[in-house]
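Asker: Quick one: structure below, then a few questions.
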Amino acid sequence: VSEVSWQQKFAIIPEHAQRLCDLKGEKAGIREMRGHAMWTIQGLPYSAKVKTHMNQLNTYEDLENLLKQYGDSLAEGDFSWLFEDTTQL
(Lines give C-alpha, C1' and ligand atoms only; values in the text may rest on other atoms or scores of the structure.)
Protein backbone atom coordinates (compact mmCIF):
# COMPACT_ATOMS: atom_id res chain seq x y z
CA VAL A 1 0.00 0.00 0.00
CA SER A 2 1.48 3.33 -1.03
CA GLU A 3 1.63 6.37 1.25
CA VAL A 4 -1.02 9.02 0.66
CA SER A 5 0.54 12.37 -0.27
CA TRP A 6 -0.21 15.51 1.69
CA GLN A 7 -1.89 16.88 -1.44
CA GLN A 8 -4.28 13.92 -1.48
CA LYS A 9 -4.96 14.35 2.23
CA PHE A 10 -5.64 18.06 1.75
CA ALA A 11 -8.12 17.24 -1.03
CA ILE A 12 -10.02 14.79 1.21
CA ILE A 13 -10.21 16.93 4.35
CA PRO A 14 -12.53 19.65 2.91
CA GLU A 15 -14.80 17.02 1.35
CA HIS A 16 -15.09 15.23 4.69
CA ALA A 17 -15.67 18.54 6.49
CA GLN A 18 -18.40 19.59 4.06
CA ARG A 19 -20.22 16.30 4.58
CA LEU A 20 -20.03 16.70 8.35
CA CYS A 21 -21.28 20.29 8.10
CA ASP A 22 -24.17 19.17 5.88
CA LEU A 23 -25.05 16.41 8.33
CA LYS A 24 -24.54 18.16 11.67
CA GLY A 25 -24.44 21.87 10.92
CA GLU A 26 -21.29 23.94 10.52
CA LYS A 27 -20.53 24.46 14.22
CA ALA A 28 -20.77 20.79 15.21
CA GLY A 29 -19.35 19.56 11.92
CA ILE A 30 -16.20 21.67 12.16
CA ARG A 31 -15.76 20.84 15.84
CA GLU A 32 -15.82 17.13 14.97
CA MET A 33 -13.66 17.65 11.89
CA ARG A 34 -10.87 19.17 13.97
CA GLY A 35 -10.06 15.74 15.39
CA HIS A 36 -10.27 13.99 12.05
CA ALA A 37 -8.08 16.60 10.36
CA MET A 38 -5.49 16.51 13.13
CA TRP A 39 -5.23 12.75 12.80
CA THR A 40 -4.90 13.10 9.03
CA ILE A 41 -1.99 15.56 9.18
CA GLN A 42 0.01 13.75 11.85
CA GLY A 43 3.52 13.02 10.69
CA LEU A 44 3.67 16.03 8.36
CA PRO A 45 6.27 18.74 9.11
CA TYR A 46 5.23 20.98 12.01
CA SER A 47 1.89 19.18 12.34
CA ALA A 48 1.96 19.62 16.13
CA LYS A 49 2.12 23.40 15.66
CA VAL A 50 -0.65 23.30 13.06
CA LYS A 51 -2.84 21.35 15.50
CA THR A 52 -2.80 24.39 17.80
CA HIS A 53 -4.31 26.45 14.99
CA MET A 54 -6.69 23.66 14.05
CA ASN A 55 -8.16 23.64 17.55
CA GLN A 56 -9.23 27.26 16.98
CA LEU A 57 -11.27 26.56 13.84
CA ASN A 58 -14.92 27.58 13.97
CA THR A 59 -16.05 27.63 10.33
CA TYR A 60 -15.56 25.73 7.12
CA GLU A 61 -13.89 28.84 5.70
CA ASP A 62 -11.40 28.81 8.61
CA LEU A 63 -10.54 25.21 7.72
CA GLU A 64 -10.05 26.06 4.04
CA ASN A 65 -7.81 29.00 4.93
CA LEU A 66 -5.67 26.95 7.31
CA LEU A 67 -5.27 24.13 4.78
CA LYS A 68 -4.26 26.63 2.09
CA GLN A 69 -1.71 28.30 4.35
CA TYR A 70 -0.29 24.97 5.54
CA GLY A 71 -0.27 23.55 2.01
CA ASP A 72 1.62 26.59 0.75
CA SER A 73 4.11 26.12 3.59
CA LEU A 74 4.60 22.44 2.75
CA ALA A 75 5.19 23.32 -0.90
CA GLU A 76 7.52 26.26 -0.22
CA GLY A 77 9.20 25.17 3.02
CA ASP A 78 8.36 28.40 4.88
CA PHE A 79 6.66 27.71 8.21
CA SER A 80 7.42 31.05 9.86
CA TRP A 81 3.72 31.87 10.33
CA LEU A 82 3.47 28.99 12.80
CA PHE A 83 5.78 30.83 15.16
CA GLU A 84 3.90 34.14 15.09
CA ASP A 85 1.07 35.25 17.36
CA THR A 86 -1.82 32.78 16.88
CA THR A 87 -4.45 35.48 17.43
CA GLN A 88 -3.67 36.85 13.96
CA LEU A 89 -4.77 33.74 12.07
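Residue numbers start at 1 in each chain; chains themselves are named A, B, ... in the order of the C-alpha coordinates; ligands are numbered from 1 in the order shown.
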I'd like the neighbourhood of A:Asn55 as a PyMOL selection string, where a residue qualifies if any of its atoms comes within 12 Å (using only C-alpha atoms), though same-chain residues fewer than 6 positions away should be ignored.
Answerer: chain A and resi 30-38+48-49+62-63+66+86+89
Asker: Find the residues near A:Tyr46: any atom within 10 Å, counting only C-alpha atoms, skip ones fewer than 4 places away on the same chain, and give them as a PyMOL selection string.
Answerer: chain A and resi 41-42+50-51+70+73-74+79+82
Asker: Write out the residues from the selection above, keeping N, CA, C and O atoms, as a JSON list (two decimals), in the first residue's frame.
Answerer:
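Generated output (again_33.json):
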```
[["chain", "number", "residue", "atom", "x", "y", "z"],
["A", 41, "ILE", "N", -3.25, 14.85, 9.45],
["A", 41, "ILE", "CA", -1.99, 15.56, 9.18],
["A", 41, "ILE", "C", -0.83, 15.08, 10.04],
["A", 41, "ILE", "O", 0.31, 15.52, 9.84],
["A", 42, "GLN", "N", -1.09, 14.19, 10.99],
["A", 42, "GLN", "CA", 0.01, 13.75, 11.85],
["A", 42, "GLN", "C", 1.14, 13.17, 11.00],
["A", 42, "GLN", "O", 0.91, 12.54, 9.98],
["A", 50, "VAL", "N", 0.57, 23.06, 13.83],
["A", 50, "VAL", "CA", -0.65, 23.30, 13.06],
["A", 50, "VAL", "C", -1.87, 22.87, 13.88],
["A", 50, "VAL", "O", -2.94, 23.50, 13.81],
["A", 51, "LYS", "N", -1.73, 21.83, 14.67],
["A", 51, "LYS", "CA", -2.84, 21.35, 15.50],
["A", 51, "LYS", "C", -3.32, 22.44, 16.46],
["A", 51, "LYS", "O", -4.51, 22.54, 16.74],
["A", 70, "TYR", "N", -1.17, 26.10, 5.22],
["A", 70, "TYR", "CA", -0.29, 24.97, 5.54],
["A", 70, "TYR", "C", 0.20, 24.30, 4.26],
["A", 70, "TYR", "O", 1.38, 23.95, 4.15],
["A", 73, "SER", "N", 2.89, 26.29, 2.80],
["A", 73, "SER", "CA", 4.11, 26.12, 3.59],
["A", 73, "SER", "C", 4.80, 24.80, 3.26],
["A", 73, "SER", "O", 6.03, 24.75, 3.15],
["A", 74, "LEU", "N", 4.02, 23.73, 3.11],
["A", 74, "LEU", "CA", 4.60, 22.44, 2.75],
["A", 74, "LEU", "C", 5.27, 22.50, 1.38],
["A", 74, "LEU", "O", 6.33, 21.93, 1.16],
["A", 79, "PHE", "N", 7.61, 27.94, 7.14],
["A", 79, "PHE", "CA", 6.66, 27.71, 8.21],
["A", 79, "PHE", "C", 6.70, 28.82, 9.25],
["A", 79, "PHE", "O", 6.23, 28.63, 10.38],
["A", 82, "LEU", "N", 3.83, 29.84, 11.66],
["A", 82, "LEU", "CA", 3.47, 28.99, 12.80],
["A", 82, "LEU", "C", 4.10, 29.48, 14.10],
["A", 82, "LEU", "O", 3.67, 29.07, 15.18]]
```
Asker: Take atom CA of A:Asp72 and atom CA of A:Trp39 and report the distance between them in Å, one decimal.
Answerer: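 Atom CA of A:Trp39 lies 19.6 Å from atom CA of A:Asp72.
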Asker: I'd like the contact shell of A:Pro14 - 10 Å cut-off, only C-alpha atoms, skipping same-chain residues fewer than 2 positions apart - returned as a ChimeraX atom specification.
Answerer: /A:9-12,16-20,33,37,60-61,63-64,67
Asker: Quick one: of A:Leu23, A:Met54, A:Ala28, A:Ala75, who's nearest to A:Gln7, counting only C-alpha atoms?
Answerer: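 Closest to A:Gln7 of all the choices is A:Ala75.
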Asker: Residues of stretch 15-82 of chain A in helix (DSSP H, G or I) according to DSSP, as a PyMOL selection string?
Answerer: chain A and resi 15-24+26-41+47-54+60-76+80-82
Asker: What separation in Å, quoted to one decimal, exists between atom CA of A:Pro45 and atom CA of A:Gly77?
Answerer: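 Here the two named atoms are 9.3 Å from each other.
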Asker: Hey, can you check how far atom CA of A:Gly43 sits from atom CA of A:Trp6?
Answerer: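 Computing the Euclidean distance for atom CA of A:Gly43 and atom CA of A:Trp6 yields 10.1 Å.
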Asker: For A:Leu57, which residue among A:Leu44, A:Gly71, A:Gly29, A:Asp78 is the nearest when counting only C-alpha atoms?
Answerer: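 The shortest atom-to-atom distance to A:Leu57 comes from A:Gly29.
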